[in-house]
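Student: Next comes the structure file entry_22.csv, holding CSV, C-alpha atoms.
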```csv
chain,number,residue,atom,x,y,z
A,529,MET,CA,-52.5,22.1,-28.1
A,530,GLU,CA,-48.9,22.8,-27.5
A,531,THR,CA,-48.4,23.4,-31.2
A,532,VAL,CA,-51.0,26.1,-31.3
A,533,LEU,CA,-49.6,27.7,-28.1
A,534,ARG,CA,-46.2,27.8,-29.6
A,535,GLY,CA,-47.4,29.4,-32.7
A,536,VAL,CA,-49.5,32.1,-30.9
A,537,ALA,CA,-46.7,32.8,-28.4
A,538,ILE,CA,-44.1,33.3,-31.1
A,539,TYR,CA,-46.4,35.5,-33.2
A,540,VAL,CA,-47.1,37.7,-30.2
A,541,VAL,CA,-43.5,37.9,-29.0
A,542,LEU,CA,-42.2,38.8,-32.5
A,543,LEU,CA,-44.9,41.4,-32.9
A,544,VAL,CA,-44.1,43.1,-29.6
A,545,VAL,CA,-40.3,42.9,-30.1
A,546,PHE,CA,-40.4,44.3,-33.6
A,547,ARG,CA,-42.7,47.1,-32.5
A,548,ILE,CA,-40.4,48.0,-29.6
A,549,ALA,CA,-37.3,47.8,-31.9
A,550,GLY,CA,-38.7,50.6,-34.0
A,551,LYS,CA,-39.4,51.2,-37.7
A,552,ARG,CA,-35.9,51.6,-39.0
A,553,THR,CA,-34.5,48.4,-37.5
A,554,LEU,CA,-36.1,46.1,-40.0
A,555,SER,CA,-36.6,48.3,-43.0
A,556,GLN,CA,-34.1,46.3,-44.9
A,557,ALA,CA,-32.0,49.3,-46.0
A,558,THR,CA,-28.9,47.2,-46.3
A,559,THR,CA,-28.0,43.6,-47.1
A,560,PHE,CA,-27.2,43.1,-43.5
A,561,ASP,CA,-30.8,44.0,-42.5
A,562,PHE,CA,-32.0,41.3,-44.8
A,563,VAL,CA,-29.5,38.8,-43.3
A,564,LEU,CA,-30.6,39.8,-39.8
A,565,LEU,CA,-34.2,39.0,-40.7
A,566,LEU,CA,-33.1,35.6,-42.0
A,567,ILE,CA,-31.3,34.8,-38.8
A,568,ILE,CA,-34.2,35.8,-36.7
A,569,GLY,CA,-36.3,33.3,-38.7
A,570,GLU,CA,-33.8,30.6,-38.0
A,571,ALA,CA,-33.9,31.3,-34.3
A,572,THR,CA,-37.6,31.0,-34.1
A,573,GLN,CA,-37.8,27.9,-36.2
A,574,GLN,CA,-36.8,25.5,-33.5
A,575,ALA,CA,-39.1,27.1,-30.9
A,576,LEU,CA,-42.0,26.7,-33.3
A,577,LEU,CA,-41.4,23.0,-34.1
A,578,GLY,CA,-40.1,21.8,-30.8
A,579,GLU,CA,-39.1,18.1,-31.3
A,580,ASP,CA,-42.0,17.4,-33.7
A,581,PHE,CA,-40.8,17.2,-37.2
A,582,SER,CA,-43.9,15.8,-38.8
A,583,VAL,CA,-45.7,17.4,-41.7
A,584,THR,CA,-48.8,17.5,-39.5
A,585,ASN,CA,-47.0,19.8,-37.0
A,586,ALA,CA,-45.7,22.0,-39.8
A,587,ILE,CA,-49.2,22.4,-41.2
A,588,LEU,CA,-50.7,23.2,-37.8
A,589,ILE,CA,-48.1,25.8,-37.1
A,590,ILE,CA,-48.6,27.5,-40.5
A,591,ILE,CA,-52.4,27.5,-40.1
A,592,THR,CA,-52.0,28.9,-36.5
A,593,LEU,CA,-49.8,31.7,-37.7
A,594,ILE,CA,-52.0,32.6,-40.6
A,595,GLY,CA,-55.1,32.3,-38.5
A,596,VAL,CA,-53.8,34.7,-35.9
A,597,ASP,CA,-52.7,37.1,-38.6
A,598,ILE,CA,-56.2,37.0,-40.1
A,599,ALA,CA,-57.9,37.5,-36.7
A,600,LEU,CA,-55.6,40.4,-36.0
A,601,ALA,CA,-56.3,42.0,-39.3
A,602,LYS,CA,-60.0,41.7,-38.7
A,603,LEU,CA,-59.7,43.3,-35.2
A,604,LYS,CA,-57.6,46.1,-36.7
A,605,GLY,CA,-60.3,46.7,-39.2
A,606,ARG,CA,-62.7,47.4,-36.4
A,607,SER,CA,-60.6,49.5,-34.2
A,608,ALA,CA,-58.5,52.4,-35.5
A,609,THR,CA,-56.8,52.6,-32.1
A,610,LEU,CA,-55.7,49.0,-32.3
A,611,GLU,CA,-54.4,49.5,-35.8
A,612,GLN,CA,-52.4,52.5,-34.7
A,613,LEU,CA,-51.0,50.5,-31.8
A,614,ILE,CA,-49.9,47.6,-33.9
A,615,ASP,CA,-48.9,49.2,-37.1
A,616,GLY,CA,-47.8,52.7,-36.0
A,617,VAL,CA,-48.4,55.9,-37.9
A,618,PRO,CA,-46.6,57.7,-40.7
A,619,LEU,CA,-44.4,60.7,-40.0
A,620,VAL,CA,-43.6,63.6,-42.2
A,621,ILE,CA,-39.9,64.2,-42.1
A,622,VAL,CA,-39.2,66.7,-44.9
A,623,GLU,CA,-41.6,69.6,-45.6
A,624,ASP,CA,-41.1,71.8,-48.7
A,625,GLY,CA,-37.5,70.8,-49.1
A,626,ARG,CA,-36.7,71.5,-45.4
A,627,PRO,CA,-35.8,68.5,-43.3
A,628,LEU,CA,-37.5,68.5,-39.9
A,629,LYS,CA,-34.4,67.9,-37.9
A,630,ASP,CA,-35.7,67.0,-34.5
A,631,ARG,CA,-38.2,64.5,-35.9
A,632,MET,CA,-35.5,62.9,-37.9
A,633,VAL,CA,-33.2,62.5,-34.9
A,634,ARG,CA,-35.9,60.9,-32.9
A,635,ALA,CA,-36.9,58.6,-35.7
A,636,ARG,CA,-33.2,57.6,-36.3
A,637,VAL,CA,-33.3,58.8,-39.9
A,638,ASP,CA,-30.7,61.1,-41.4
A,639,GLU,CA,-30.7,63.3,-44.5
A,640,ASP,CA,-28.7,60.7,-46.4
A,641,ASP,CA,-31.5,58.2,-45.9
A,642,VAL,CA,-33.9,60.6,-47.3
A,643,LEU,CA,-31.7,61.5,-50.3
A,644,THR,CA,-31.1,57.7,-51.0
A,645,ALA,CA,-34.9,57.1,-51.1
A,646,ALA,CA,-35.3,60.2,-53.3
A,647,ARG,CA,-32.8,58.8,-55.8
A,648,GLU,CA,-34.1,55.3,-55.7
A,649,THR,CA,-37.8,56.1,-56.0
A,650,GLN,CA,-38.0,59.4,-57.8
A,651,GLY,CA,-34.6,59.9,-59.4
A,652,LEU,CA,-34.2,63.2,-57.6
A,653,GLU,CA,-30.9,64.9,-57.1
A,654,ARG,CA,-31.2,67.4,-54.2
A,655,MET,CA,-33.1,68.0,-51.1
A,656,GLU,CA,-34.8,71.1,-52.5
A,657,GLN,CA,-36.5,69.0,-55.2
A,658,ILE,CA,-38.3,67.1,-52.5
A,659,LYS,CA,-41.7,68.5,-51.5
A,660,TYR,CA,-42.5,65.9,-48.8
A,661,ALA,CA,-40.7,62.9,-47.4
A,662,VAL,CA,-42.7,60.6,-45.2
A,663,LEU,CA,-41.4,57.9,-42.9
A,664,GLU,CA,-44.0,55.2,-43.5
A,665,ARG,CA,-45.3,52.6,-41.1
A,666,SER,CA,-43.0,50.0,-42.8
A,667,GLY,CA,-39.9,52.0,-42.0
A,668,GLY,CA,-39.4,52.9,-45.6
A,669,ILE,CA,-39.3,56.5,-46.8
A,670,SER,CA,-41.7,57.8,-49.5
A,671,ILE,CA,-40.9,60.8,-51.5
A,672,ILE,CA,-43.2,63.4,-53.1
A,673,PRO,CA,-41.3,65.4,-55.6
A,674,ARG,CA,-41.8,69.1,-56.1
A,675,ARG,CA,-43.6,69.8,-59.3
A,676,THR,CA,-41.8,72.4,-61.2
A,677,PRO,CA,-44.3,74.7,-62.8
B,911,MET,CA,-60.4,53.7,-40.6
B,912,ALA,CA,-57.1,55.4,-39.7
B,913,ASN,CA,-57.7,59.1,-39.0
B,914,VAL,CA,-56.5,60.7,-42.3
B,915,HIS,CA,-56.3,64.4,-42.2
B,916,ARG,CA,-54.8,67.3,-44.1
B,917,ILE,CA,-51.3,68.5,-43.4
B,918,GLY,CA,-50.2,71.1,-45.9
B,919,ASP,CA,-50.9,69.5,-49.3
B,920,LEU,CA,-50.8,66.0,-47.8
B,921,GLU,CA,-53.6,63.8,-46.7
B,922,ILE,CA,-52.0,61.6,-44.2
B,923,ALA,CA,-52.7,59.7,-41.0
B,924,GLU,CA,-50.0,61.4,-39.1
B,925,ASP,CA,-50.4,61.6,-35.3
B,926,LEU,CA,-47.6,63.3,-33.6
B,927,PRO,CA,-48.7,62.9,-30.0
B,928,PHE,CA,-49.2,59.2,-30.6
B,929,GLN,CA,-45.7,59.0,-32.2
B,930,GLU,CA,-44.2,60.7,-29.2
B,931,ARG,CA,-45.8,58.2,-26.9
B,932,THR,CA,-44.6,55.4,-29.1
B,933,TRP,CA,-41.0,56.6,-28.9
B,934,GLN,CA,-41.2,56.8,-25.1
B,935,VAL,CA,-42.6,53.3,-24.9
B,936,GLN,CA,-39.9,52.1,-27.3
B,937,ARG,CA,-37.2,53.5,-25.2
B,938,ALA,CA,-38.7,51.9,-22.1
B,939,GLY,CA,-38.8,48.7,-24.1
B,940,TRP,CA,-35.1,48.9,-25.0
B,941,ALA,CA,-34.3,49.3,-21.3
B,942,VAL,CA,-36.4,46.1,-20.6
B,943,PHE,CA,-34.4,44.3,-23.4
B,944,ALA,CA,-31.2,45.3,-21.6
B,945,LEU,CA,-32.5,44.1,-18.3
B,946,ILE,CA,-33.5,40.8,-19.9
B,947,LEU,CA,-30.0,40.3,-21.4
B,948,VAL,CA,-28.3,41.1,-18.1
B,949,ALA,CA,-30.6,38.7,-16.3
B,950,ALA,CA,-29.9,36.0,-18.8
B,951,ALA,CA,-26.2,36.5,-18.5
B,952,LEU,CA,-26.5,36.2,-14.7
B,953,GLY,CA,-28.3,32.9,-15.2
B,954,LEU,CA,-31.9,33.8,-14.3
B,955,PHE,CA,-33.3,32.2,-17.5
B,956,GLY,CA,-31.3,29.0,-17.4
B,957,PRO,CA,-27.9,27.6,-16.3
B,958,GLY,CA,-25.6,30.4,-15.1
B,959,PRO,CA,-23.9,31.9,-12.0
B,960,LEU,CA,-27.1,32.8,-10.2
B,961,SER,CA,-28.7,29.6,-11.2
B,962,SER,CA,-26.2,27.2,-9.6
B,963,ALA,CA,-27.4,25.6,-6.4
B,964,VAL,CA,-26.5,22.9,-4.0
B,965,ALA,CA,-28.7,20.5,-2.0
B,966,GLU,CA,-27.1,18.3,0.5
B,967,ARG,CA,-27.8,16.1,3.5
B,968,GLY,CA,-25.6,13.6,5.2
B,969,ALA,CA,-23.5,11.7,2.6
B,970,LEU,CA,-25.4,13.0,-0.4
B,971,ARG,CA,-24.8,16.2,-2.2
B,972,VAL,CA,-26.4,17.4,-5.4
B,973,GLU,CA,-25.3,20.3,-7.5
B,974,TYR,CA,-28.0,21.5,-9.8
B,975,ASN,CA,-29.4,24.5,-11.7
B,976,ARG,CA,-32.3,26.4,-10.2
B,977,PHE,CA,-33.5,27.4,-13.7
B,978,GLU,CA,-33.8,25.0,-16.6
B,979,ARG,CA,-35.4,25.2,-20.0
B,980,PHE,CA,-38.1,23.0,-21.5
B,981,GLU,CA,-37.0,20.1,-23.8
B,982,THR,CA,-33.4,21.1,-23.4
B,983,GLU,CA,-30.9,18.6,-22.1
B,984,THR,CA,-29.2,19.5,-18.9
B,985,SER,CA,-27.5,17.7,-16.1
B,986,PHE,CA,-27.0,17.6,-12.3
B,987,ASP,CA,-24.1,16.2,-10.4
B,988,VAL,CA,-24.4,13.8,-7.4
B,989,PHE,CA,-21.6,13.5,-4.9
B,990,VAL,CA,-21.6,10.7,-2.4
B,991,ARG,CA,-19.3,10.1,0.6
B,992,PRO,CA,-19.9,6.4,1.3
B,993,ALA,CA,-19.5,4.8,4.7
B,994,ALA,CA,-16.2,3.1,5.4
B,995,SER,CA,-17.5,-0.4,4.6
B,996,ASP,CA,-19.4,0.4,1.4
B,997,THR,CA,-18.3,-1.2,-1.8
B,998,THR,CA,-21.3,0.1,-3.9
B,999,VAL,CA,-23.3,3.2,-4.0
B,1000,GLU,CA,-27.0,3.2,-4.7
B,1001,VAL,CA,-28.5,6.3,-6.1
B,1002,TRP,CA,-32.2,6.3,-6.9
B,1003,LEU,CA,-34.8,8.5,-8.6
B,1004,PRO,CA,-38.4,8.1,-7.6
B,1005,HIS,CA,-41.1,7.7,-10.2
B,1006,ASP,CA,-42.7,11.0,-9.2
B,1007,TYR,CA,-39.6,12.8,-10.3
B,1008,LEU,CA,-39.2,10.7,-13.5
B,1009,GLN,CA,-42.6,11.9,-14.7
B,1010,HIS,CA,-41.0,15.4,-15.0
B,1011,VAL,CA,-37.8,14.5,-16.7
B,1012,LYS,CA,-36.4,12.0,-19.2
B,1013,VAL,CA,-33.1,10.6,-18.2
B,1014,THR,CA,-30.8,10.6,-21.2
B,1015,GLY,CA,-27.6,9.4,-19.7
B,1016,VAL,CA,-25.6,8.6,-16.6
B,1017,SER,CA,-21.9,8.7,-16.1
B,1018,PRO,CA,-20.1,6.7,-15.0
B,1019,GLN,CA,-22.1,3.7,-16.3
B,1020,PRO,CA,-23.8,2.0,-13.4
B,1021,ARG,CA,-23.2,-1.7,-12.7
B,1022,GLU,CA,-26.9,-2.3,-12.8
B,1023,VAL,CA,-30.2,-0.4,-12.9
B,1024,HIS,CA,-33.3,-1.9,-11.4
B,1025,ASP,CA,-36.8,-0.6,-11.0
B,1026,GLY,CA,-39.0,-1.4,-8.0
B,1027,GLY,CA,-40.6,0.2,-5.0
B,1028,GLY,CA,-41.7,3.2,-6.9
B,1029,ARG,CA,-38.1,4.2,-7.9
B,1030,LEU,CA,-35.4,3.6,-10.4
B,1031,THR,CA,-32.2,2.6,-8.6
B,1032,TYR,CA,-28.7,2.9,-10.1
B,1033,VAL,CA,-26.0,0.8,-8.5
B,1034,PHE,CA,-22.4,2.0,-8.9
B,1035,THR,CA,-19.3,0.0,-8.0
B,1036,LEU,CA,-16.6,1.6,-6.0
B,1037,ARG,CA,-13.0,0.8,-6.9
B,1038,GLN,CA,-12.1,0.9,-3.2
B,1039,PRO,CA,-14.4,0.8,-0.3
B,1040,ALA,CA,-15.5,4.3,0.9
B,1041,ASP,CA,-14.2,6.0,-2.2
B,1042,PRO,CA,-16.1,9.2,-2.8
B,1043,ALA,CA,-18.3,9.0,-5.9
B,1044,TRP,CA,-19.2,11.6,-8.5
B,1045,ILE,CA,-22.1,10.8,-10.7
B,1046,THR,CA,-23.6,12.9,-13.5
B,1047,PHE,CA,-27.1,12.5,-14.6
B,1048,ARG,CA,-28.1,14.0,-17.9
B,1049,VAL,CA,-31.8,14.8,-18.0
B,1050,THR,CA,-34.3,16.6,-20.2
B,1051,PRO,CA,-37.3,18.3,-18.6
B,1052,LEU,CA,-40.6,17.1,-20.1
B,1053,ARG,CA,-42.9,19.9,-18.9
B,1054,PRO,CA,-42.5,23.6,-18.3
B,1055,GLY,CA,-43.1,25.1,-14.8
B,1056,LEU,CA,-42.1,24.0,-11.4
B,1057,LEU,CA,-40.1,20.9,-11.2
B,1058,PRO,CA,-40.0,19.1,-7.8
B,1059,ALA,CA,-36.8,17.1,-8.0
B,1060,GLN,CA,-35.9,14.2,-5.8
B,1061,VAL,CA,-32.7,12.2,-5.5
B,1062,GLY,CA,-32.2,9.4,-3.0
B,1063,LEU,CA,-29.2,7.6,-1.6
B,1064,GLY,CA,-29.5,4.1,-0.2
B,1065,ASP,CA,-32.1,3.7,2.5
B,1066,GLU,CA,-32.4,7.4,3.4
B,1067,PRO,CA,-35.4,9.4,2.3
B,1068,ALA,CA,-35.0,11.4,-0.9
B,1069,LEU,CA,-33.2,14.7,-1.0
B,1070,GLN,CA,-35.7,17.2,-2.4
B,1071,PHE,CA,-35.1,20.5,-4.3
B,1072,THR,CA,-37.1,22.6,-6.6
B,1073,GLN,CA,-36.2,23.8,-10.1
B,1074,PHE,CA,-38.1,26.0,-12.5
B,1075,VAL,CA,-38.3,25.0,-16.2
B,1076,TYR,CA,-38.9,27.9,-18.6
B,1077,PRO,CA,-41.1,27.0,-21.6
```
Write out the structure in this file as structure tokens.

Tutor:
Amino acid sequence: METVLRGVAIYVVLLVVFRIAGKRTLSQATTFDFVLLLIIGEATQQALLGEDFSVTNAILIIITLIGVDIALAKLKGRSATLEQLIDGVPLVIVEDGRPLKDRMVRARVDEDDVLTAARETQGLERMEQIKYAVLERSGGISIIPRRTP
Amino acid sequence: MANVHRIGDLEIAEDLPFQERTWQVQRAGWAVFALILVAAALGLFGPGPLSSAVAERGALRVEYNRFERFETETSFDVFVRPAASDTTVEVWLPHDYLQHVKVTGVSPQPREVHDGGGRLTYVFTLRQPADPAWITFRVTPLRPGLLPAQVGLGDEPALQFTQFVYP
């Protein structure tokens, strides 16, 4: 019983904390972001296992976490509000080559982030070549290039 | 499912009012994070300045932490001022208390430990009669929640104090 409680508690806590931290915190833009994720994993490991290092405990934890994830996915499928609450919404940050400055400030994204995404995903060179840039739920930035006629 | 609508040439599930509310909640959340960290530094989630406490009566004094954490080894200190004629000090832990913690160590080493009368009694030798004694018990809480602690000296009733064990 304790095993299941640990699993559920950690899942919920991580969900809430990451949601409060915001999209850009864990979007893995740099190597350090990746390392930060690893360290967070290490920190939760002990709490999940407690003093029980058996294979049985590990299997129960894994099944609990996956089970909660599946249950949550099903609930999100039924309720658009819940899905919005948990996953967030996308946000347009560049429209017709014009960065929407106040949105970007509040979302903690700067123009360089947008240009980096443009180079990485579309091979674009300048802001004016971007038709739309969207800050997705994941914290990543997707780019729609302007189609030159 | 998500309410996809048309913005310019994009079909997207953007929702600016919801996004605004999310940002507000996030900022409030960050303030809560800061409060939690301050509280932790002050010792509200475990050993620390605000957590240190003392319980004493007569010749027995116990220094302990109000807040402990589950399955995490901690300790409390017992100070005894023996009577002039005492050559040993007997400190005992009742079984009721021992159900809540696991004793992992005692320093100094007692001369003997015996169990009886619903309690575990540790007998320590004094180098000289009436020497004040300082004994450290290392314990690990076995359950989260309120921990009613009891430590006794000799024939007197147990000194009681309450700790809280975070899960």

Student: Give as a list of chain:residue names the set of residues within 12 Å of the point (-36.9, 71.5, -56.3), where distances use the file's coordinates and all atoms listed in the file.

Tutor: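 Selection result: A:Glu623, A:Asp624, A:Gly625, A:Arg626, A:Ala646, A:Leu652, A:Glu653, A:Arg654, A:Met655, A:Glu656, A:Gln657, A:Ile658, A:Lys659, A:Tyr660, A:Ile672, A:Pro673, A:Arg674, A:Arg675, A:Thr676, A:Pro677.
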
Student: Please measure the separation of CA of Ser555 in chain A and CA of Ser666 in chain A, giving the value in Å to one decimal.

Tutor: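 According to the coordinates, CA of Ser555 in chain A and CA of Ser666 in chain A are separated by 6.6 Å.
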
Student: Interatomic distance between CA of Thr558 in chain A and CA of Ile669 in chain A?

Tutor: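 These atoms are spaced 14.0 Å apart.
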
Student: Give me, as a PyMOL selection string, the contact residues of chain A against chain B at a cut-off of 10 Å, counting only C-alpha atoms.

Tutor: chain A and resi 534+544-545+547-550+575+578-579+604-613+616-620+623-624+631+634-635+659-660+662+664+672

Student: For a test of reading the model, state the distance in Å between CA of Thr1050 in chain B and CA of Tyr974 in chain B, rounded to one decimal.

Tutor: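 CA of Tyr974 in chain B lies 13.1 Å from CA of Thr1050 in chain B.
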
Student: Compare B:Leu945, B:Val999, B:Ala1068, B:Leu1052 by their minimum atom-to-atom distance to Arg1029 in chain B, counting all atoms listed in the file, and give me the closest one.

Tutor: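 Closest to Arg1029 in chain B, using all atoms listed in the file: B:Ala1068.
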
Student: I want to know what sits within 12 Å of Gly1027 in chain B, based on all atoms listed in the file, with residues of the same chain fewer than 6 positions away left out; could you give that as JSON, numbers by chain?

Tutor: {"B": [1002, 1003, 1004, 1005, 1006, 1065]}

Student: Neighbouring residues of Ile591 in chain A were defined as those with any atom within 10 Å, considering all atoms listed in the file; residues of the same chain fewer than 6 positions away were excluded. Please report them as a ChimeraX atom specification.

Tutor: /A:532,535,585,597
